[in-house]
Amino acid sequence: MSSAVLLEVRKVVKRFGGLVAINGVSFDVHEHEVLGLIGPNGSGKTTMMNLISGALPATDGYIAMDDKLLTDLPTRKIARAGIARTFQLVKVIPSMTVLENVMAGAVFGHKKLWGHALAVYAERQLERVGLFGVSHKPTADLTYIDQKRVELARALASDPKVILLDEWLAGLNPTELQTGIELIRSLRDDGRTVILVEHVMDAIRSLCDRCVVMSTGNIIAQGTPADVLADPQVIEAYLGEDYE
Amino acid sequence: MKLTQTDVWRGVAILLVFFVLAWLPAVPGADGWLSIVVPITMYTVLATSWAIFSGPTHYVSLATAAFFGVGSYTLALGLDSVPYPLLLLMAAVLGGVMAALVGWATLRLSGVYFVIFTLGLAELIRQVFTWYQNNMGGTRGSYVFTDFTDAHIYWQLLALALLVYLVGWLINRSRLGFAIRIIGGDESVAKHSGINVAWSKIVLFMVSGSVAAVVGAILAPRFVYIEPAMAFNPQLSFMVVIMALLGGTQRLWGPLMGAIPFALVWEIIASNFPAQTTLLMGLAFLLVVFYIPNGISGVVLRWYHQARARQGVNHE
């Protein structure tokens, strides 16, 4: 990729007591790219996402966006700087309506709307993710997949520069998967930068401009999906010995 | 946001109700039952302001007695030297500052620590006052001599209730109110949405603390003689929690639905079974939590929605 570096991750370390979850990881994320963060279970992908979004503080190293140091900032300021996310286990507020859930993303952060403008804007985000006619339903009434859409709409509502998707495509059926892939691709076309943690190989191959492969807290390969998936080290660590 | 027509009519209706209520002391023979109406109004104000913070955040505060006591003592100690309205203001400020300090120290912690801390707070302040009065002041208590009758106290509480409803309504439709609902729903979502979680909680806790302190100040003349064990009575904190939960905290008018029946029943219990009050309070608490977790207002709202849903079906 030739475009400018947006997010810099440098020598980031995360320890949980004696356990080293992230062991001095460095990589760049370029503007308007879809970066896949992949690796076997327990390799530290979600921890890395949590460090970028500020859900967890880094033990060492730094993360910067546009030369602005994000590490040590409280989560809310990282959100205000333009980083939004979805969670591996969907986090929506079941007692609120669908629309209210989406509105939550556009009031306090990067975008500060209120009143009628907010409602209209949130409604548009719902249409964007393909949810129609459910705005005033309690979010608890929606299926798991639709709740994932609500979560994405909330993230989009903040008009983020960087959007972190933690296994957002997991659990979709083949048709939904195609729609989901198209949706994520359209985010990049909107000029956003997407970092996704994903296990769905089809999605990684067709979506990602580049991949960072992690294993036990280290980066073992970086490059285009085709290159990294052909790397013997990746095949051994990630896909197992049975892979042929 | 602009006022809708419903908002205006609701406001007019509420003002009318308060206007009518203000005439209660003029009813012949009112002196007798004002002694029940005053505590009911007091508990309504306390439970409503408690719910403004604890309802959406689910942080159970047992600090009501601490704020109440500080308010009472503000009045008792300042009555001779400071004009009365200024004392109410001072109580509000002190209550707010205290809530800010407690909130700052504990609201980052999880709910359980907060509960214990707030319970301990009232006890701590009570002990400090007792120690001070024993060792420095000479007497255990303070006299509060005013010309106020129950009617005066009732009117002040009524005005405060109106203010609390107004503030609660304003908060509910503000960004702060929206933020606190998100925080109550999922704190990590709130943080990732850019909400200053600690600040939002502290501001609401300050509102609740201020109100409780002012109530303490207003009620002080009624006691005539106040001493720490009375001003910082932990039973008050528990009563407020039970009433708010009984009424339900999802709506601003919820705690009212709990304060009125519970205060009435309590009046009977306290006069007939004075030795068993704590036991009965515990039982009441269990019954509320097990059988009407969303309170009376929760039940009312459910009926209302069911009725509307049925009507909707009939129309089609």
# chains A, B, ... in the order shown; residues from 1 in each chain; ligands from 1
>>> residues_around(residues="Phe290 of chain B", least_positions_apart="5", cutoff="12 Å", atoms="only C-alpha atoms", output="PyMOL selection string")
chain B and resi 245-246+283-285+295
>>> write_last_selection(atoms="C-alpha atoms", output="PDB file, in the first residue's frame")
ATOM      1  CA  LEU B 245     -37.465   0.048  44.891  1.00  0.00           C
ATOM      2  CA  LEU B 246     -41.064  -0.569  45.917  1.00  0.00           C
ATOM      3  CA  LEU B 283     -38.908  -8.723  55.244  1.00  0.00           C
ATOM      4  CA  ALA B 284     -40.327  -5.841  53.233  1.00  0.00           C
ATOM      5  CA  PHE B 285     -37.048  -5.534  51.362  1.00  0.00           C
ATOM      6  CA  GLY B 295     -41.618  -1.748  41.559  1.00  0.00           C
TER       7      GLY B 295
END
>>> closest_atom_pairs(of="chain A", to="chain B", cutoff="8 Å", atoms="only C-alpha atoms", output="tab-separated table")
residue	atom	partner	partner_atom	distance
A:Ser53	CA	B:His192	CA	7.6
A:Ala55	CA	B:Ser188	CA	7.5
A:Thr75	CA	B:Lys191	CA	5.7
A:Arg76	CA	B:Gly194	CA	3.9
A:Lys77	CA	B:Gly194	CA	6.3
A:Ile78	CA	B:Gly194	CA	7.8
A:Ala79	CA	B:Gly194	CA	5.3
A:Arg80	CA	B:Gly194	CA	5.6
A:Ala84	CA	B:His192	CA	7.0
A:Arg85	CA	B:His192	CA	7.6
A:Lys91	CA	B:Val189	CA	6.9
A:Val92	CA	B:Val189	CA	7.6
A:Ile93	CA	B:Gly185	CA	5.3
A:Pro94	CA	B:Gly185	CA	7.7
A:Ser95	CA	B:Gly185	CA	7.4
A:Ala104	CA	B:Ser193	CA	6.5
A:Gly105	CA	B:Ser193	CA	5.2
A:Ala106	CA	B:Ser193	CA	7.7
A:Val107	CA	B:Arg175	CA	7.5
A:Phe108	CA	B:Gly194	CA	5.1
A:Gly109	CA	B:Gly194	CA	4.4
A:His110	CA	B:Gly194	CA	7.7
A:Trp114	CA	B:Arg175	CA	7.9
A:Gly115	CA	B:Met1	CA	5.7
A:Ser158	CA	B:Ser193	CA	7.7
>>> write_last_selection(atoms="C-alpha atoms", output="mmCIF file, in the first residue's frame")
data_model
loop_
_atom_site.group_PDB
_atom_site.id
_atom_site.type_symbol
_atom_site.label_atom_id
_atom_site.label_comp_id
_atom_site.auth_asym_id
_atom_site.auth_seq_id
_atom_site.Cartn_x
_atom_site.Cartn_y
_atom_site.Cartn_z
ATOM 1 C CA SER A 53 -9.549 1.018 21.518
ATOM 2 C CA ALA A 55 -10.420 -0.927 26.699
ATOM 3 C CA THR A 75 -11.028 5.154 26.471
ATOM 4 C CA ARG A 76 -13.476 8.002 25.900
ATOM 5 C CA LYS A 77 -10.764 10.235 24.433
ATOM 6 C CA ILE A 78 -9.611 7.491 22.107
ATOM 7 C CA ALA A 79 -13.227 7.190 20.961
ATOM 8 C CA ARG A 80 -13.425 10.953 20.489
ATOM 9 C CA ALA A 84 -14.858 3.006 17.066
ATOM 10 C CA ARG A 85 -15.327 -0.695 17.598
ATOM 11 C CA LYS A 91 -22.479 -5.343 23.471
ATOM 12 C CA VAL A 92 -25.773 -3.606 22.963
ATOM 13 C CA ILE A 93 -28.041 -2.200 25.649
ATOM 14 C CA PRO A 94 -31.036 -4.538 25.620
ATOM 15 C CA SER A 95 -33.342 -2.230 27.582
ATOM 16 C CA ALA A 104 -25.389 6.480 21.691
ATOM 17 C CA GLY A 105 -22.547 6.507 19.180
ATOM 18 C CA ALA A 106 -23.218 9.989 17.849
ATOM 19 C CA VAL A 107 -23.739 12.146 20.952
ATOM 20 C CA PHE A 108 -20.611 12.150 23.058
ATOM 21 C CA GLY A 109 -17.779 11.255 20.766
ATOM 22 C CA HIS A 110 -16.334 12.283 17.482
ATOM 23 C CA TRP A 114 -28.746 15.919 19.558
ATOM 24 C CA GLY A 115 -32.459 16.209 19.054
ATOM 25 C CA SER A 158 -19.552 8.125 15.556
#
>>> residues_around(residues="segment 27-44 of chain A", least_positions_apart="4", cutoff="9 Å", atoms="only C-alpha atoms", output="PyMOL selection string")
chain A and resi 1-11+21-22+48-49+161-162+184-185+187-199+204+207-219+222+225+234+237-239
>>> write_last_selection(atoms="C-alpha atoms", output="PDB file, in the first residue's frame")
ATOM      1  CA  MET A   1       0.000   0.000   0.000  1.00  0.00           C
ATOM      2  CA  SER A   2       1.299   3.396  -0.873  1.00  0.00           C
ATOM      3  CA  SER A   3      -1.093   5.518   1.218  1.00  0.00           C
ATOM      4  CA  ALA A   4       0.013   7.259   4.385  1.00  0.00           C
ATOM      5  CA  VAL A   5       0.359   5.550   7.739  1.00  0.00           C
ATOM      6  CA  LEU A   6      -2.636   6.331   9.963  1.00  0.00           C
ATOM      7  CA  LEU A   7      -2.075   4.154  12.983  1.00  0.00           C
ATOM      8  CA  GLU A   8       1.307   3.211  14.377  1.00  0.00           C
ATOM      9  CA  VAL A   9       1.667   0.333  16.820  1.00  0.00           C
ATOM     10  CA  ARG A  10       5.144   0.248  18.299  1.00  0.00           C
ATOM     11  CA  LYS A  11       6.734  -2.378  20.548  1.00  0.00           C
ATOM     12  CA  ALA A  21      -0.430 -11.625  26.016  1.00  0.00           C
ATOM     13  CA  ILE A  22       1.290  -9.233  23.618  1.00  0.00           C
ATOM     14  CA  MET A  48      -4.537  -6.063  20.547  1.00  0.00           C
ATOM     15  CA  MET A  49      -7.961  -4.662  19.635  1.00  0.00           C
ATOM     16  CA  LYS A 161     -11.612   7.217  11.033  1.00  0.00           C
ATOM     17  CA  VAL A 162     -10.724   3.746  12.232  1.00  0.00           C
ATOM     18  CA  ILE A 184     -17.273  -3.913   5.252  1.00  0.00           C
ATOM     19  CA  ARG A 185     -15.837  -3.245   1.822  1.00  0.00           C
ATOM     20  CA  LEU A 187     -16.766   1.143   4.709  1.00  0.00           C
ATOM     21  CA  ARG A 188     -13.348   1.298   3.118  1.00  0.00           C
ATOM     22  CA  ASP A 189     -14.853   2.902   0.036  1.00  0.00           C
ATOM     23  CA  ASP A 190     -16.284   5.573   2.363  1.00  0.00           C
ATOM     24  CA  GLY A 191     -12.701   6.408   3.254  1.00  0.00           C
ATOM     25  CA  ARG A 192     -12.593   4.613   6.576  1.00  0.00           C
ATOM     26  CA  THR A 193      -9.814   2.403   7.815  1.00  0.00           C
ATOM     27  CA  VAL A 194     -10.897  -1.025   9.004  1.00  0.00           C
ATOM     28  CA  ILE A 195      -9.055  -3.394  11.299  1.00  0.00           C
ATOM     29  CA  LEU A 196     -10.725  -6.743  11.596  1.00  0.00           C
ATOM     30  CA  VAL A 197     -10.095  -9.804  13.649  1.00  0.00           C
ATOM     31  CA  GLU A 198     -11.518 -12.685  11.695  1.00  0.00           C
ATOM     32  CA  HIS A 199     -11.526 -16.455  11.381  1.00  0.00           C
ATOM     33  CA  ILE A 204      -9.982 -12.478   4.834  1.00  0.00           C
ATOM     34  CA  LEU A 207     -11.580  -8.219   1.995  1.00  0.00           C
ATOM     35  CA  CYS A 208      -8.154  -7.608   3.439  1.00  0.00           C
ATOM     36  CA  ASP A 209      -5.572  -5.456   1.733  1.00  0.00           C
ATOM     37  CA  ARG A 210      -3.006  -6.718   4.193  1.00  0.00           C
ATOM     38  CA  CYS A 211      -2.852  -9.160   7.049  1.00  0.00           C
ATOM     39  CA  VAL A 212      -0.924  -9.229  10.278  1.00  0.00           C
ATOM     40  CA  VAL A 213      -0.585 -12.748  11.618  1.00  0.00           C
ATOM     41  CA  MET A 214      -0.137 -13.222  15.342  1.00  0.00           C
ATOM     42  CA  SER A 215       0.850 -16.264  17.323  1.00  0.00           C
ATOM     43  CA  THR A 216       1.301 -16.411  21.104  1.00  0.00           C
ATOM     44  CA  GLY A 217       1.630 -12.649  21.381  1.00  0.00           C
ATOM     45  CA  ASN A 218       4.087 -12.159  18.518  1.00  0.00           C
ATOM     46  CA  ILE A 219       3.748 -11.190  14.871  1.00  0.00           C
ATOM     47  CA  GLN A 222       2.720  -9.558   7.519  1.00  0.00           C
ATOM     48  CA  PRO A 225      -3.564 -12.398   2.397  1.00  0.00           C
ATOM     49  CA  VAL A 234       1.725 -19.321   9.329  1.00  0.00           C
ATOM     50  CA  ALA A 237       1.098 -21.994  13.676  1.00  0.00           C
ATOM     51  CA  TYR A 238      -2.302 -21.000  12.493  1.00  0.00           C
ATOM     52  CA  LEU A 239      -3.770 -23.645  10.278  1.00  0.00           C
TER      53      LEU A 239
END
>>> closest_residue(among="A:Gly18, A:Pro160, A:Gly24, A:Pro174", to="Asp202 of chain A", atoms="only C-alpha atoms")
A:Pro174
>>> closest_residue(among="A:Thr86, A:Leu118, A:Gly133, A:Leu113", to="Arg149 of chain A", atoms="only C-alpha atoms")
A:Thr86
>>> atom_distance(atom1="atom CA of Leu126 of chain A", atom2="atom CA of Leu165 of chain A")
16.9 Å
>>> residues_around(residues="Asp80 of chain B", least_positions_apart="6", cutoff="12 Å", atoms="only C-alpha atoms", output="ChimeraX atom specification")
/B:74,87,142-146
>>> select_by_dssp(residues="segment 34-234 of chain A", states="strand (DSSP E or B)", output="PyMOL selection string")
chain A and resi 34-38+60-65+68-69+83-85+97+138+162-166+193-197+210-215+218-223
>>> write_last_selection(atoms="N, CA and C atoms", output="compact mmCIF listing (two decimals), in the first residue's frame")
# COMPACT_ATOMS: atom_id res chain seq x y z
N VAL A 34 -8.11 -2.13 4.60
CA VAL A 34 -8.71 -3.13 5.47
C VAL A 34 -7.58 -4.03 5.93
N LEU A 35 -7.28 -3.97 7.20
CA LEU A 35 -6.20 -4.78 7.74
C LEU A 35 -6.79 -5.95 8.51
N GLY A 36 -6.35 -7.14 8.16
CA GLY A 36 -6.82 -8.32 8.89
C GLY A 36 -5.84 -8.68 9.98
N LEU A 37 -6.38 -8.86 11.18
CA LEU A 37 -5.55 -9.30 12.30
C LEU A 37 -5.95 -10.75 12.52
N ILE A 38 -5.06 -11.67 12.16
CA ILE A 38 -5.46 -13.07 12.24
C ILE A 38 -4.46 -13.89 13.06
N ASP A 60 3.53 -1.61 27.99
CA ASP A 60 4.71 -0.91 27.46
C ASP A 60 4.49 -0.64 25.98
N GLY A 61 5.32 0.23 25.41
CA GLY A 61 5.20 0.57 24.01
C GLY A 61 4.14 1.64 23.80
N TYR A 62 3.88 2.00 22.53
CA TYR A 62 2.87 3.01 22.30
C TYR A 62 2.08 2.77 21.03
N ILE A 63 0.90 3.40 20.98
CA ILE A 63 0.06 3.39 19.79
C ILE A 63 -0.25 4.85 19.47
N ALA A 64 -0.06 5.24 18.22
CA ALA A 64 -0.31 6.62 17.84
C ALA A 64 -1.15 6.69 16.59
N MET A 65 -2.00 7.72 16.51
CA MET A 65 -2.79 7.95 15.30
C MET A 65 -2.56 9.37 14.84
N LYS A 68 -0.73 11.50 16.99
CA LYS A 68 -1.29 11.76 18.32
C LYS A 68 -1.17 10.49 19.14
N LEU A 69 -0.57 10.60 20.30
CA LEU A 69 -0.34 9.43 21.13
C LEU A 69 -1.64 8.97 21.79
N ILE A 83 -11.82 6.53 16.88
CA ILE A 83 -11.70 5.08 16.80
C ILE A 83 -12.97 4.46 17.38
N ALA A 84 -13.64 3.66 16.59
CA ALA A 84 -14.86 3.01 17.07
C ALA A 84 -14.69 1.51 16.91
N ARG A 85 -15.50 0.75 17.65
CA ARG A 85 -15.33 -0.69 17.60
C ARG A 85 -16.62 -1.45 17.80
N THR A 97 -34.14 1.10 23.01
CA THR A 97 -34.60 0.78 21.67
C THR A 97 -33.39 0.70 20.74
N PRO A 138 -37.46 -2.80 21.25
CA PRO A 138 -36.40 -3.00 22.23
C PRO A 138 -35.30 -3.85 21.58
N VAL A 162 -11.11 5.15 12.16
CA VAL A 162 -10.72 3.75 12.23
C VAL A 162 -11.85 2.97 12.88
N ILE A 163 -12.19 1.84 12.28
CA ILE A 163 -13.23 1.03 12.88
C ILE A 163 -12.68 -0.38 13.13
N LEU A 164 -12.84 -0.83 14.36
CA LEU A 164 -12.31 -2.14 14.76
C LEU A 164 -13.45 -3.14 14.81
N LEU A 165 -13.33 -4.19 14.04
CA LEU A 165 -14.40 -5.21 14.01
C LEU A 165 -13.85 -6.52 14.57
N ASP A 166 -14.35 -6.90 15.73
CA ASP A 166 -13.83 -8.12 16.37
C ASP A 166 -14.76 -9.29 16.05
N THR A 193 -10.83 3.42 7.67
CA THR A 193 -9.81 2.40 7.81
C THR A 193 -10.41 1.32 8.70
N VAL A 194 -10.26 0.07 8.27
CA VAL A 194 -10.90 -1.03 9.00
C VAL A 194 -9.83 -1.99 9.51
N ILE A 195 -9.90 -2.32 10.78
CA ILE A 195 -9.05 -3.39 11.30
C ILE A 195 -10.01 -4.50 11.73
N LEU A 196 -9.81 -5.69 11.18
CA LEU A 196 -10.72 -6.74 11.60
C LEU A 196 -10.00 -7.99 12.07
N VAL A 197 -10.54 -8.51 13.16
CA VAL A 197 -10.10 -9.80 13.65
C VAL A 197 -11.08 -10.80 13.06
N ARG A 210 -4.19 -6.13 3.57
CA ARG A 210 -3.01 -6.72 4.19
C ARG A 210 -3.44 -7.51 5.41
N CYS A 211 -2.58 -8.39 5.85
CA CYS A 211 -2.85 -9.16 7.05
C CYS A 211 -1.66 -9.10 7.98
N VAL A 212 -1.95 -9.08 9.26
CA VAL A 212 -0.92 -9.23 10.28
C VAL A 212 -1.26 -10.53 10.98
N VAL A 213 -0.31 -11.46 11.00
CA VAL A 213 -0.58 -12.75 11.62
C VAL A 213 0.09 -12.83 12.98
N MET A 214 -0.69 -13.13 13.99
CA MET A 214 -0.14 -13.22 15.34
C MET A 214 -0.16 -14.66 15.84
N SER A 215 0.83 -14.97 16.67
CA SER A 215 0.85 -16.26 17.32
C SER A 215 1.51 -16.09 18.68
N ASN A 218 3.10 -12.73 19.43
CA ASN A 218 4.09 -12.16 18.52
C ASN A 218 3.52 -12.10 17.10
N ILE A 219 4.12 -11.21 16.29
CA ILE A 219 3.75 -11.19 14.87
C ILE A 219 4.65 -12.18 14.14
N ILE A 220 4.04 -13.12 13.41
CA ILE A 220 4.88 -14.08 12.70
C ILE A 220 4.90 -13.83 11.19
N ALA A 221 3.98 -13.01 10.71
CA ALA A 221 4.01 -12.68 9.28
C ALA A 221 3.16 -11.45 9.01
N GLN A 222 3.50 -10.71 7.96
CA GLN A 222 2.72 -9.56 7.52
C GLN A 222 2.73 -9.54 6.02
N GLY A 223 1.67 -9.10 5.38
CA GLY A 223 1.65 -8.98 3.93
C GLY A 223 0.27 -9.20 3.36
>>> select_by_dssp(residues="segment 14-203 of chain B", states="helix (DSSP H, G or I)", output="PyMOL selection string")
chain B and resi 14-22+24-26+30-57+64-78+84-106+111-137+150-172+175-185+187-192+197-203
>>> residues_around(residues="Met90 of chain B", least_positions_apart="2", cutoff="10 Å", atoms="only C-alpha atoms", output="PyMOL selection string")
chain B and resi 71+74-75+78+82+84-88+92-96+210+213-214+217
>>> write_last_selection(atoms="C-alpha atoms", output="tab-separated table (two decimals), in the first residue's frame")
chain	number	residue	atom	x	y	z
B	71	GLY	CA	-27.92	19.06	56.43
B	74	THR	CA	-25.72	22.69	59.14
B	75	LEU	CA	-29.01	24.17	60.24
B	78	GLY	CA	-25.77	27.94	61.95
B	82	VAL	CA	-26.80	32.76	59.49
B	84	TYR	CA	-32.34	30.59	57.27
B	85	PRO	CA	-32.51	30.55	53.42
B	86	LEU	CA	-28.73	30.82	53.26
B	87	LEU	CA	-28.48	27.81	55.57
B	88	LEU	CA	-30.57	25.74	53.15
B	92	ALA	CA	-27.17	21.95	49.47
B	93	VAL	CA	-23.58	22.93	48.75
B	94	LEU	CA	-22.18	20.81	51.58
B	95	GLY	CA	-24.23	17.82	50.48
B	96	GLY	CA	-23.03	18.31	46.91
B	210	SER	CA	-27.62	17.98	47.76
B	213	ALA	CA	-28.89	17.48	52.78
B	214	VAL	CA	-31.53	20.15	52.17
B	217	ALA	CA	-31.95	20.97	57.04
>>> residues_around(residues="Leu119 of chain B", least_positions_apart="5", cutoff="12 Å", atoms="only C-alpha atoms", output="list of chain:residue names")
B:Val60, B:Ser61, B:Leu62, B:Ala63, B:Thr64, B:Ala65, B:Ala66, B:Phe67, B:Val102, B:Val112, B:Tyr113, B:Phe114, B:Leu124, B:Ile125, B:Arg126, B:Phe232, B:Asn233, B:Pro234, B:Gln235, B:Leu236, B:Ser237, B:Phe238
>>> write_last_selection(atoms="N, CA and C atoms", output="short mmCIF file (atom, residue, chain, number, x, y, z; two decimals), in the first residue's frame")
data_model
loop_
_atom_site.label_atom_id
_atom_site.label_comp_id
_atom_site.auth_asym_id
_atom_site.auth_seq_id
_atom_site.Cartn_x
_atom_site.Cartn_y
_atom_site.Cartn_z
N VAL B 60 -26.37 1.20 44.52
CA VAL B 60 -27.25 1.39 45.67
C VAL B 60 -26.52 2.24 46.71
N SER B 61 -27.02 3.45 46.91
CA SER B 61 -26.40 4.34 47.88
C SER B 61 -27.10 4.24 49.23
N LEU B 62 -26.31 4.02 50.27
CA LEU B 62 -26.86 4.03 51.63
C LEU B 62 -26.36 5.27 52.36
N ALA B 63 -26.06 6.32 51.60
CA ALA B 63 -25.50 7.53 52.18
C ALA B 63 -26.56 8.57 52.51
N THR B 64 -27.83 8.26 52.23
CA THR B 64 -28.88 9.26 52.47
C THR B 64 -28.79 9.84 53.88
N ALA B 65 -28.61 8.95 54.87
CA ALA B 65 -28.54 9.41 56.26
C ALA B 65 -27.35 10.35 56.47
N ALA B 66 -26.25 10.08 55.78
CA ALA B 66 -25.07 10.93 55.93
C ALA B 66 -25.36 12.35 55.44
N PHE B 67 -25.97 12.45 54.25
CA PHE B 67 -26.29 13.77 53.71
C PHE B 67 -27.34 14.46 54.57
N VAL B 102 -17.10 11.70 47.89
CA VAL B 102 -17.38 10.26 48.01
C VAL B 102 -17.41 9.62 46.62
N VAL B 112 -20.57 -3.07 44.77
CA VAL B 112 -20.55 -3.60 46.13
C VAL B 112 -19.73 -2.70 47.07
N TYR B 113 -18.58 -2.27 46.59
CA TYR B 113 -17.73 -1.41 47.42
C TYR B 113 -18.43 -0.10 47.72
N PHE B 114 -19.16 0.36 46.71
CA PHE B 114 -19.87 1.62 46.87
C PHE B 114 -20.92 1.52 47.97
N LEU B 124 -19.46 6.87 60.05
CA LEU B 124 -18.22 7.60 60.29
C LEU B 124 -18.51 9.04 60.73
N ILE B 125 -19.36 9.71 59.96
CA ILE B 125 -19.66 11.10 60.27
C ILE B 125 -20.38 11.19 61.62
N ARG B 126 -21.25 10.24 61.88
CA ARG B 126 -21.96 10.23 63.16
C ARG B 126 -20.96 10.13 64.31
N PHE B 232 -28.08 10.95 61.96
CA PHE B 232 -27.41 10.02 61.05
C PHE B 232 -27.95 8.61 61.19
N ASN B 233 -29.26 8.50 61.40
CA ASN B 233 -29.87 7.20 61.62
C ASN B 233 -29.85 6.34 60.34
N PRO B 234 -29.10 5.23 60.37
CA PRO B 234 -28.99 4.41 59.13
C PRO B 234 -30.34 3.89 58.64
N GLN B 235 -31.31 3.80 59.55
CA GLN B 235 -32.62 3.29 59.13
C GLN B 235 -33.21 4.16 58.00
N LEU B 236 -32.91 5.45 58.07
CA LEU B 236 -33.41 6.36 57.05
C LEU B 236 -32.93 5.94 55.66
N SER B 237 -31.63 5.61 55.57
CA SER B 237 -31.06 5.20 54.29
C SER B 237 -31.77 3.97 53.74
N PHE B 238 -32.01 2.99 54.64
CA PHE B 238 -32.66 1.76 54.19
C PHE B 238 -34.11 2.01 53.77
#
>>> atom_distance(atom1="atom CA of Trp33 of chain B", atom2="atom CA of Ala13 of chain B")
25.2 Å
>>> residues_around(residues="Leu21 of chain B", least_positions_apart="3", cutoff="10 Å", atoms="only C-alpha atoms", output="count of residues only")
9
